[in-house]
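model.cif follows (mmCIF, C-alpha atoms):
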data_protein
#
loop_
_atom_site.label_atom_id
_atom_site.label_comp_id
_atom_site.auth_asym_id
_atom_site.auth_seq_id
_atom_site.Cartn_x
_atom_site.Cartn_y
_atom_site.Cartn_z
CA MET X 1 -17.63 -26.36 -102.48
CA ALA X 2 -21.10 -27.79 -101.90
CA LEU X 3 -24.26 -25.82 -102.66
CA SER X 4 -27.98 -26.33 -102.29
CA VAL X 5 -30.50 -24.60 -104.54
CA ARG X 6 -34.05 -23.70 -103.54
CA THR X 7 -36.40 -22.52 -106.26
CA ASP X 8 -39.71 -23.08 -108.01
CA TYR X 9 -38.30 -21.74 -111.27
CA PRO X 10 -39.75 -21.40 -113.89
CA ASP X 11 -43.06 -21.07 -112.00
CA ASP X 12 -41.42 -18.48 -109.74
CA GLY X 13 -38.44 -16.28 -110.49
CA THR X 14 -36.61 -16.46 -107.15
CA VAL X 15 -33.51 -18.65 -106.93
CA VAL X 16 -31.77 -19.09 -103.55
CA VAL X 17 -28.32 -20.71 -103.37
CA VAL X 18 -26.98 -21.72 -99.95
CA VAL X 19 -23.34 -22.62 -99.27
CA GLU X 20 -23.22 -25.99 -97.48
CA GLU X 21 -19.47 -26.57 -97.61
CA ALA X 22 -16.97 -23.78 -98.33
CA PRO X 23 -13.44 -23.95 -99.75
CA GLU X 24 -10.55 -22.41 -97.89
CA THR X 25 -9.62 -20.10 -100.76
CA PRO X 26 -11.87 -17.40 -102.23
CA CYS X 27 -13.79 -18.25 -105.40
CA GLU X 28 -16.51 -16.80 -107.59
CA LEU X 29 -20.12 -17.88 -107.61
CA ARG X 30 -21.93 -16.94 -110.80
CA LEU X 31 -25.62 -17.26 -111.64
CA ARG X 32 -26.94 -16.87 -115.16
CA VAL X 33 -29.32 -13.99 -115.97
CA PRO X 34 -31.22 -14.86 -119.19
CA GLU X 35 -31.17 -12.50 -122.15
CA TRP X 36 -34.96 -12.01 -122.00
CA CYS X 37 -34.90 -10.89 -118.35
CA GLU X 38 -35.18 -7.19 -117.47
CA GLY X 39 -35.13 -5.89 -113.91
CA ALA X 40 -33.30 -8.82 -112.28
CA THR X 41 -31.84 -8.27 -108.79
CA PHE X 42 -29.03 -10.05 -106.93
CA ARG X 43 -28.57 -10.23 -103.15
CA VAL X 44 -25.44 -11.58 -101.45
CA ARG X 45 -25.19 -12.55 -97.75
CA GLY X 46 -28.20 -10.45 -96.74
CA ALA X 47 -26.95 -7.20 -98.29
CA ALA X 48 -29.27 -4.89 -100.17
CA PRO X 49 -30.31 -6.22 -103.58
CA VAL X 50 -28.51 -4.79 -106.60
CA ASP X 51 -29.72 -4.60 -110.17
CA VAL X 52 -28.09 -6.98 -112.63
CA SER X 53 -28.24 -7.02 -116.42
CA PRO X 54 -28.58 -10.10 -118.65
CA GLY X 55 -25.40 -12.13 -118.54
CA TRP X 56 -23.90 -13.23 -115.22
CA ALA X 57 -24.60 -12.22 -111.62
CA THR X 58 -21.27 -12.69 -109.82
CA ALA X 59 -20.43 -12.91 -106.14
CA VAL X 60 -16.88 -13.32 -104.78
CA GLY X 61 -15.85 -15.25 -101.65
CA PRO X 62 -14.39 -16.09 -99.21
CA TRP X 63 -17.41 -18.22 -98.32
CA SER X 64 -18.68 -19.77 -95.13
CA PRO X 65 -21.29 -22.48 -94.62
CA GLY X 66 -24.72 -20.86 -94.44
CA ASP X 67 -23.92 -17.97 -96.79
CA ARG X 68 -26.79 -17.25 -99.17
CA VAL X 69 -27.15 -15.57 -102.53
CA GLU X 70 -30.55 -14.76 -103.99
CA LEU X 71 -31.34 -14.05 -107.62
CA HIS X 72 -34.76 -12.68 -108.52
CA LEU X 73 -35.82 -12.90 -112.17
CA PRO X 74 -39.04 -11.03 -112.96
CA LEU X 75 -41.27 -13.34 -115.01
CA ARG X 76 -43.40 -11.22 -117.31
CA PRO X 77 -45.35 -12.31 -120.37
CA ARG X 78 -43.95 -10.88 -123.59
CA VAL X 79 -44.97 -11.03 -127.23
CA ILE X 80 -42.66 -12.56 -129.81
CA GLU X 81 -42.95 -12.45 -133.58
CA PRO X 82 -41.75 -15.04 -136.09
CA ASP X 83 -39.17 -14.53 -138.79
CA PRO X 84 -41.19 -12.98 -141.65
CA ARG X 85 -39.57 -15.38 -144.12
CA ILE X 86 -41.47 -18.33 -142.61
CA ASP X 87 -44.70 -18.52 -144.59
CA SER X 88 -46.55 -20.85 -142.21
CA VAL X 89 -46.51 -18.40 -139.28
CA ARG X 90 -46.42 -15.05 -141.07
CA GLY X 91 -49.06 -12.78 -139.54
CA CYS X 92 -48.96 -14.64 -136.23
CA LEU X 93 -47.56 -13.98 -132.78
CA ALA X 94 -46.70 -16.03 -129.72
CA VAL X 95 -46.36 -15.28 -126.01
CA GLN X 96 -43.53 -16.28 -123.68
CA HIS X 97 -43.51 -16.10 -119.89
CA GLY X 98 -39.99 -16.18 -118.56
CA PRO X 99 -38.39 -19.19 -120.25
CA ASP X 100 -41.76 -20.78 -120.99
CA VAL X 101 -43.38 -20.72 -124.40
CA LEU X 102 -47.13 -20.43 -123.86
CA CYS X 103 -49.85 -22.14 -125.85
CA LEU X 104 -53.59 -21.87 -126.31
CA GLU X 105 -55.35 -25.13 -125.46
CA GLY X 106 -58.63 -26.05 -127.09
CA ILE X 107 -60.07 -27.02 -123.71
CA ASP X 108 -60.04 -23.33 -122.69
CA LEU X 109 -62.12 -22.13 -125.65
CA PRO X 110 -65.87 -21.54 -125.40
CA ALA X 111 -68.15 -24.30 -126.66
CA GLY X 112 -68.35 -24.30 -130.43
CA TRP X 113 -65.03 -22.53 -130.95
CA SER X 114 -62.10 -24.10 -132.77
CA LEU X 115 -58.38 -23.38 -132.64
CA ASP X 116 -58.51 -23.07 -136.42
CA ASP X 117 -61.11 -20.33 -136.13
CA VAL X 118 -59.56 -17.77 -133.75
CA ALA X 119 -57.50 -14.62 -134.11
CA VAL X 120 -55.74 -12.73 -131.33
CA ASP X 121 -55.63 -9.01 -130.65
CA ASP X 122 -52.13 -7.68 -130.00
CA PRO X 123 -51.80 -8.41 -126.26
CA SER X 124 -48.76 -6.21 -125.61
CA SER X 125 -50.72 -3.61 -123.67
CA GLU X 126 -52.79 -6.03 -121.58
CA LEU X 127 -50.25 -8.61 -120.46
CA ARG X 128 -49.33 -8.38 -116.79
CA GLU X 129 -46.70 -9.99 -114.57
CA GLY X 130 -47.78 -13.35 -113.23
CA MET X 131 -49.75 -16.27 -114.55
CA PRO X 132 -51.90 -17.17 -116.25
CA ALA X 133 -51.32 -14.75 -119.09
CA ARG X 134 -54.59 -13.81 -120.78
CA VAL X 135 -55.24 -12.62 -124.31
CA SER X 136 -58.31 -11.37 -126.16
CA LEU X 137 -59.46 -13.69 -128.92
CA ARG X 138 -62.07 -13.20 -131.59
CA SER X 139 -63.86 -15.82 -133.61
CA ARG X 140 -63.21 -15.55 -137.32
CA SER X 141 -66.40 -17.41 -138.28
CA ALA X 142 -68.30 -14.13 -138.62
CA LEU X 143 -65.55 -12.76 -140.84
CA ASP X 144 -65.70 -15.90 -142.97
CA ALA X 145 -69.47 -15.52 -143.28
CA ALA X 146 -68.98 -12.02 -144.68
CA TRP X 147 -66.33 -13.18 -147.17
CA PRO X 148 -67.60 -12.37 -150.69
CA TYR X 149 -67.02 -15.93 -151.92
CA ARG X 150 -68.49 -19.16 -150.63
CA PRO X 151 -68.43 -22.79 -151.64
CA ARG X 152 -70.87 -23.84 -154.33
CA VAL X 153 -72.07 -27.36 -154.95
CA ARG X 154 -72.04 -29.05 -158.35
CA GLY X 155 -75.45 -30.46 -159.25
CA ALA X 156 -76.33 -33.77 -160.86
CA ALA X 157 -76.39 -32.22 -164.34
CA GLY X 158 -72.98 -30.67 -163.82
CA ARG X 159 -74.37 -27.17 -163.15
CA LEU X 160 -73.12 -25.07 -160.22
CA ILE X 161 -75.84 -24.51 -157.66
CA ALA X 162 -75.44 -22.09 -154.74
CA GLY X 163 -77.00 -22.65 -151.37
CA ARG X 164 -78.80 -25.73 -150.03
CA ALA X 165 -79.61 -28.89 -151.93
CA THR X 166 -83.10 -28.95 -153.44
CA SER X 167 -85.76 -31.49 -152.56
CA SER X 168 -85.41 -33.01 -156.04
CA GLY X 169 -81.92 -34.06 -155.12
CA GLU X 170 -80.24 -31.73 -157.60
CA GLY X 171 -77.10 -30.49 -155.97
CA ALA X 172 -77.45 -32.85 -153.03
CA VAL X 173 -74.35 -33.41 -150.93
CA SER X 174 -73.49 -36.64 -149.16
CA SER X 175 -73.80 -36.36 -145.38
CA SER X 176 -71.00 -38.86 -144.77
CA PRO X 177 -67.79 -37.08 -143.73
CA GLY X 178 -65.14 -37.94 -146.30
CA PRO X 179 -61.51 -36.89 -146.33
CA TYR X 180 -62.05 -34.42 -149.18
CA ARG X 181 -64.72 -31.87 -149.99
CA GLU X 182 -65.11 -30.39 -153.45
CA THR X 183 -65.67 -26.66 -153.31
CA HIS X 184 -66.15 -24.02 -155.96
CA LEU X 185 -65.79 -20.31 -155.39
CA GLY X 186 -68.80 -18.14 -156.02
CA PRO X 187 -70.52 -15.04 -154.64
CA ALA X 188 -71.67 -15.40 -151.07
CA ASP X 189 -74.74 -14.35 -149.18
CA PRO X 190 -73.73 -10.88 -147.91
CA SER X 191 -75.32 -11.43 -144.50
CA GLY X 192 -73.03 -12.17 -141.57
CA GLY X 193 -73.04 -11.88 -137.79
CA ALA X 194 -70.91 -9.76 -135.48
CA GLU X 195 -67.57 -11.00 -134.22
CA ASP X 196 -67.49 -12.90 -130.96
CA ARG X 197 -64.74 -12.04 -128.48
CA VAL X 198 -63.47 -13.68 -125.31
CA ARG X 199 -60.46 -13.46 -122.97
CA VAL X 200 -58.64 -16.75 -122.62
CA ALA X 201 -55.69 -17.92 -120.52
CA LEU X 202 -52.50 -19.12 -122.18
CA ARG X 203 -50.58 -21.89 -120.44
CA PRO X 204 -47.01 -23.23 -120.60
CA TYR X 205 -46.50 -25.61 -123.49
CA ARG X 206 -44.66 -27.98 -121.12
CA GLY X 207 -48.00 -28.56 -119.37
CA TRP X 208 -50.07 -29.21 -122.50
CA GLY X 209 -52.57 -32.03 -122.07
CA ARG X 210 -52.28 -32.38 -118.30
CA ARG X 211 -55.93 -31.40 -117.86
CA GLY X 212 -57.13 -33.90 -120.44
CA ARG X 213 -56.77 -34.66 -124.13
CA THR X 214 -56.97 -31.45 -126.14
CA THR X 215 -55.52 -29.65 -129.13
CA MET X 216 -53.22 -26.65 -128.81
CA ARG X 217 -51.42 -24.00 -130.84
CA ILE X 218 -48.50 -21.70 -130.07
CA TRP X 219 -48.51 -19.29 -133.01
CA LEU X 220 -51.76 -17.32 -132.96
CA PRO X 221 -52.99 -15.50 -136.09
CA THR X 222 -53.69 -11.79 -135.75
CA SER X 223 -56.25 -11.61 -138.58
#
Output the structure of this file as structure tokens.
Amino acid sequence: MALSVRTDYPDDGTVVVVVEEAPETPCELRLRVPEWCEGATFRVRGAAPVDVSPGWATAVGPWSPGDRVELHLPLRPRVIEPDPRIDSVRGCLAVQHGPDVLCLEGIDLPAGWSLDDVAVDDPSSELREGMPARVSLRSRSALDAAWPYRPRVRGAAGRLIAGRATSSGEGAVSSSPGPYRETHLGPADPSGGAEDRVRVALRPYRGWGRRGRTTMRIWLPTS
């Protein structure tokens, strides 16, 4: 039995299998329906599509050259959560689209934003079928500004000095960027701005970096 397959999967959820050479005896043709897929349909030799559940979509011969089977897998974004026992991603979520794991690329963020400085609103209610999937992000810099503790700088005499360095040099900080920064917790200035929000597209991880060098993250913090 010889088959040809026509599909743009995973960019599109339609898979068409055409029989090119058929055996003389009947046989089964089975196509896999992934566990994550809901609402898949299966069409055999031009008949009306039938619903199929995750597992296998099965068609039985006899077959003739030119026979077609079509499997349609709806590709919808969906939210996934990590195992709560993994400390590094606790309080985060990720988004999948069909078989693709999506990521947030730094190149898609507004100027001045950092991947280390964003949090995502739960996108379950706003995700739609199709790509790109978009989520609402907020900058956490305003939240950090309102945090009741801020770094303090140790002065020349060993005293802790809050705020900017003085003109006398007491508490001055080197402007050269070193690999370590000494910080000391202390009360912060209570003033802080409002949160910034923006909707940003998530893209398949398999395509990361194709638009230029950039950072990315898959697990997005929710707070």
Once the PyMOL selection byres ((chain X and resi 116) around 12) has been applied to the shown file, what residues remain in the selection, as a list in words?
-> Leu104, Glu105, Gly106, Leu109, Gly112, Trp113, Ser114, Leu115, Asp117, Val118, Ala119, Val120, Arg138, Ser139, Arg140, Ser141, Thr215, Met216, Arg217, Ile218, Trp219, Leu220, Pro221 and Ser223 of chain X
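Here CA of Ala2 (chain X) stands at a distance of 11.4 Å from CA of Asp67 (chain X).
With only the atoms specified (only C-alpha atoms) counting, those residues at most 9 Å away from (-43.6, -17.0, -124.6) are Pro77, Arg78, Val79, Ile80, Ala94, Val95, Gln96, His97, Gly98, Pro99, Asp100, Val101, Leu102, Cys103, Pro204 and Ile218 of chain X.
One distance worth recording is that between CA of Cys92 (chain X) and CA of Arg199 (chain X), which is 17.6 Å.
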Tell me, as a ChimeraX atom specification, which residues lie within 8 Å of Met1 (chain X), counting all atoms listed in the file; anything in the same chain fewer than 5 positions away does not count.
-> /X:19-23
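Among the candidates X:Asp121, X:Asp87, X:Glu81, X:Glu28, the residue lying nearest to Ala57 (chain X) is X:Glu28 (atoms considered: only C-alpha atoms).
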Excluding region 36-44 of chain X and any residue of its chain fewer than 5 positions from it, enumerate the residues within 8 Å of it, using only C-alpha atoms, and give them as a VMD selection string.
-> chain X and resid 49 to 54 57 59 68 to 75 98
Can I get the selected residues back with C-alpha atoms, as a PDB file, in the coordinates of the input?
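Here's the written file again17.pdb:
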ATOM      1  CA  PRO X  49     -30.310  -6.220-103.580  1.00  0.00           C
ATOM      2  CA  VAL X  50     -28.510  -4.790-106.600  1.00  0.00           C
ATOM      3  CA  ASP X  51     -29.720  -4.600-110.170  1.00  0.00           C
ATOM      4  CA  VAL X  52     -28.090  -6.980-112.630  1.00  0.00           C
ATOM      5  CA  SER X  53     -28.240  -7.020-116.420  1.00  0.00           C
ATOM      6  CA  PRO X  54     -28.580 -10.100-118.650  1.00  0.00           C
ATOM      7  CA  ALA X  57     -24.600 -12.220-111.620  1.00  0.00           C
ATOM      8  CA  ALA X  59     -20.430 -12.910-106.140  1.00  0.00           C
ATOM      9  CA  ARG X  68     -26.790 -17.250 -99.170  1.00  0.00           C
ATOM     10  CA  VAL X  69     -27.150 -15.570-102.530  1.00  0.00           C
ATOM     11  CA  GLU X  70     -30.550 -14.760-103.990  1.00  0.00           C
ATOM     12  CA  LEU X  71     -31.340 -14.050-107.620  1.00  0.00           C
ATOM     13  CA  HIS X  72     -34.760 -12.680-108.520  1.00  0.00           C
ATOM     14  CA  LEU X  73     -35.820 -12.900-112.170  1.00  0.00           C
ATOM     15  CA  PRO X  74     -39.040 -11.030-112.960  1.00  0.00           C
ATOM     16  CA  LEU X  75     -41.270 -13.340-115.010  1.00  0.00           C
ATOM     17  CA  GLY X  98     -39.990 -16.180-118.560  1.00  0.00           C
TER      18      GLY X  98
END
Translate the PyMOL selection byres ((chain X and resi 5) around 9), as applied to the file shown, into an explicit residue set as a PyMOL selection string.
-> chain X and resi 3-4+6-7+15-18
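CA of Val135 (chain X) is found 16.4 Å from CA of Gly91 (chain X).
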Let me know the residues the PyMOL selection byres ((chain X and resi 26) around 8) catches in the file above, as a VMD selection string.
-> chain X and resid 23 to 25 27 to 28 60 to 63
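Considering all atoms listed in the file, the residue among X:Gly13, X:Pro34, X:Gly212, X:Gly207 positioned nearest to Arg76 (chain X) is X:Gly13.
When the distance limit is 10 Å and all atoms listed in the file are what count, the residues near Trp56 (chain X), minus those fewer than 4 positions from it on the same chain, are Leu29, Arg30, Leu31, Arg32, Val33, Pro34 and Val52 of chain X.
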Please return the centre and edge lengths, in Å to one decimal, of a box with edges along x, y and z that contains all listed atoms of region 75-84 of chain X, widened by 3 Å on every side, as JSON.
{"center_x": -42.3, "center_y": -13.0, "center_z": -128.3, "size_x": 12.2, "size_y": 10.2, "size_z": 32.6}
Could I see region 58-78 of chain X restored to N, CA, C and O atoms, set down as a JSON list (two decimals), keeping the file's coordinate frame?
[["chain", "number", "residue", "atom", "x", "y", "z"],
["X", 58, "THR", "N", -22.49, -12.13, -110.40],
["X", 58, "THR", "CA", -21.27, -12.69, -109.82],
["X", 58, "THR", "C", -21.08, -12.24, -108.38],
["X", 58, "THR", "O", -21.24, -11.06, -108.06],
["X", 59, "ALA", "N", -20.78, -13.20, -107.53],
["X", 59, "ALA", "CA", -20.43, -12.91, -106.14],
["X", 59, "ALA", "C", -19.08, -13.55, -105.85],
["X", 59, "ALA", "O", -18.78, -14.65, -106.34],
["X", 60, "VAL", "N", -18.24, -12.86, -105.05],
["X", 60, "VAL", "CA", -16.88, -13.32, -104.78],
["X", 60, "VAL", "C", -16.74, -13.66, -103.30],
["X", 60, "VAL", "O", -17.22, -12.92, -102.43],
["X", 61, "GLY", "N", -16.09, -14.83, -103.02],
["X", 61, "GLY", "CA", -15.85, -15.25, -101.65],
["X", 61, "GLY", "C", -14.77, -14.39, -100.99],
["X", 61, "GLY", "O", -14.37, -13.36, -101.53],
["X", 62, "PRO", "N", -14.27, -14.75, -99.79],
["X", 62, "PRO", "CA", -14.39, -16.09, -99.21],
["X", 62, "PRO", "C", -15.81, -16.42, -98.73],
["X", 62, "PRO", "O", -16.59, -15.52, -98.43],
["X", 63, "TRP", "N", -16.09, -17.74, -98.68],
["X", 63, "TRP", "CA", -17.41, -18.22, -98.32],
["X", 63, "TRP", "C", -17.36, -19.00, -97.02],
["X", 63, "TRP", "O", -16.34, -19.60, -96.68],
["X", 64, "SER", "N", -18.52, -18.99, -96.36],
["X", 64, "SER", "CA", -18.68, -19.77, -95.13],
["X", 64, "SER", "C", -19.97, -20.57, -95.25],
["X", 64, "SER", "O", -20.93, -20.13, -95.91],
["X", 65, "PRO", "N", -20.03, -21.73, -94.61],
["X", 65, "PRO", "CA", -21.29, -22.48, -94.62],
["X", 65, "PRO", "C", -22.45, -21.63, -94.10],
["X", 65, "PRO", "O", -22.31, -20.92, -93.10],
["X", 66, "GLY", "N", -23.55, -21.66, -94.80],
["X", 66, "GLY", "CA", -24.72, -20.86, -94.44],
["X", 66, "GLY", "C", -24.86, -19.58, -95.23],
["X", 66, "GLY", "O", -25.91, -18.93, -95.18],
["X", 67, "ASP", "N", -23.81, -19.17, -95.95],
["X", 67, "ASP", "CA", -23.92, -17.97, -96.79],
["X", 67, "ASP", "C", -24.98, -18.21, -97.88],
["X", 67, "ASP", "O", -25.10, -19.31, -98.42],
["X", 68, "ARG", "N", -25.71, -17.14, -98.18],
["X", 68, "ARG", "CA", -26.79, -17.25, -99.17],
["X", 68, "ARG", "C", -26.62, -16.18, -100.25],
["X", 68, "ARG", "O", -26.22, -15.06, -99.96],
["X", 69, "VAL", "N", -26.98, -16.55, -101.45],
["X", 69, "VAL", "CA", -27.15, -15.57, -102.53],
["X", 69, "VAL", "C", -28.54, -15.79, -103.10],
["X", 69, "VAL", "O", -29.02, -16.93, -103.18],
["X", 70, "GLU", "N", -29.19, -14.69, -103.46],
["X", 70, "GLU", "CA", -30.55, -14.76, -103.99],
["X", 70, "GLU", "C", -30.62, -14.00, -105.31],
["X", 70, "GLU", "O", -30.19, -12.84, -105.40],
["X", 71, "LEU", "N", -31.13, -14.66, -106.31],
["X", 71, "LEU", "CA", -31.34, -14.05, -107.62],
["X", 71, "LEU", "C", -32.84, -14.01, -107.88],
["X", 71, "LEU", "O", -33.52, -15.03, -107.76],
["X", 72, "HIS", "N", -33.33, -12.81, -108.19],
["X", 72, "HIS", "CA", -34.76, -12.68, -108.52],
["X", 72, "HIS", "C", -34.88, -12.29, -109.99],
["X", 72, "HIS", "O", -34.36, -11.26, -110.42],
["X", 73, "LEU", "N", -35.58, -13.14, -110.75],
["X", 73, "LEU", "CA", -35.82, -12.90, -112.17],
["X", 73, "LEU", "C", -37.29, -12.59, -112.38],
["X", 73, "LEU", "O", -38.15, -13.47, -112.21],
["X", 74, "PRO", "N", -37.63, -11.34, -112.70],
["X", 74, "PRO", "CA", -39.04, -11.03, -112.96],
["X", 74, "PRO", "C", -39.56, -11.84, -114.15],
["X", 74, "PRO", "O", -38.94, -11.86, -115.22],
["X", 75, "LEU", "N", -40.66, -12.52, -113.96],
["X", 75, "LEU", "CA", -41.27, -13.34, -115.01],
["X", 75, "LEU", "C", -42.48, -12.61, -115.55],
["X", 75, "LEU", "O", -43.54, -12.59, -114.92],
["X", 76, "ARG", "N", -42.31, -11.98, -116.69],
["X", 76, "ARG", "CA", -43.40, -11.22, -117.31],
["X", 76, "ARG", "C", -43.74, -11.80, -118.67],
["X", 76, "ARG", "O", -42.83, -12.18, -119.42],
["X", 77, "PRO", "N", -45.01, -11.88, -119.01],
["X", 77, "PRO", "CA", -45.35, -12.31, -120.37],
["X", 77, "PRO", "C", -44.85, -11.29, -121.39],
["X", 77, "PRO", "O", -44.84, -10.09, -121.13],
["X", 78, "ARG", "N", -44.42, -11.77, -122.53],
["X", 78, "ARG", "CA", -43.95, -10.88, -123.59],
["X", 78, "ARG", "C", -44.31, -11.49, -124.94],
["X", 78, "ARG", "O", -44.35, -12.71, -125.09]]
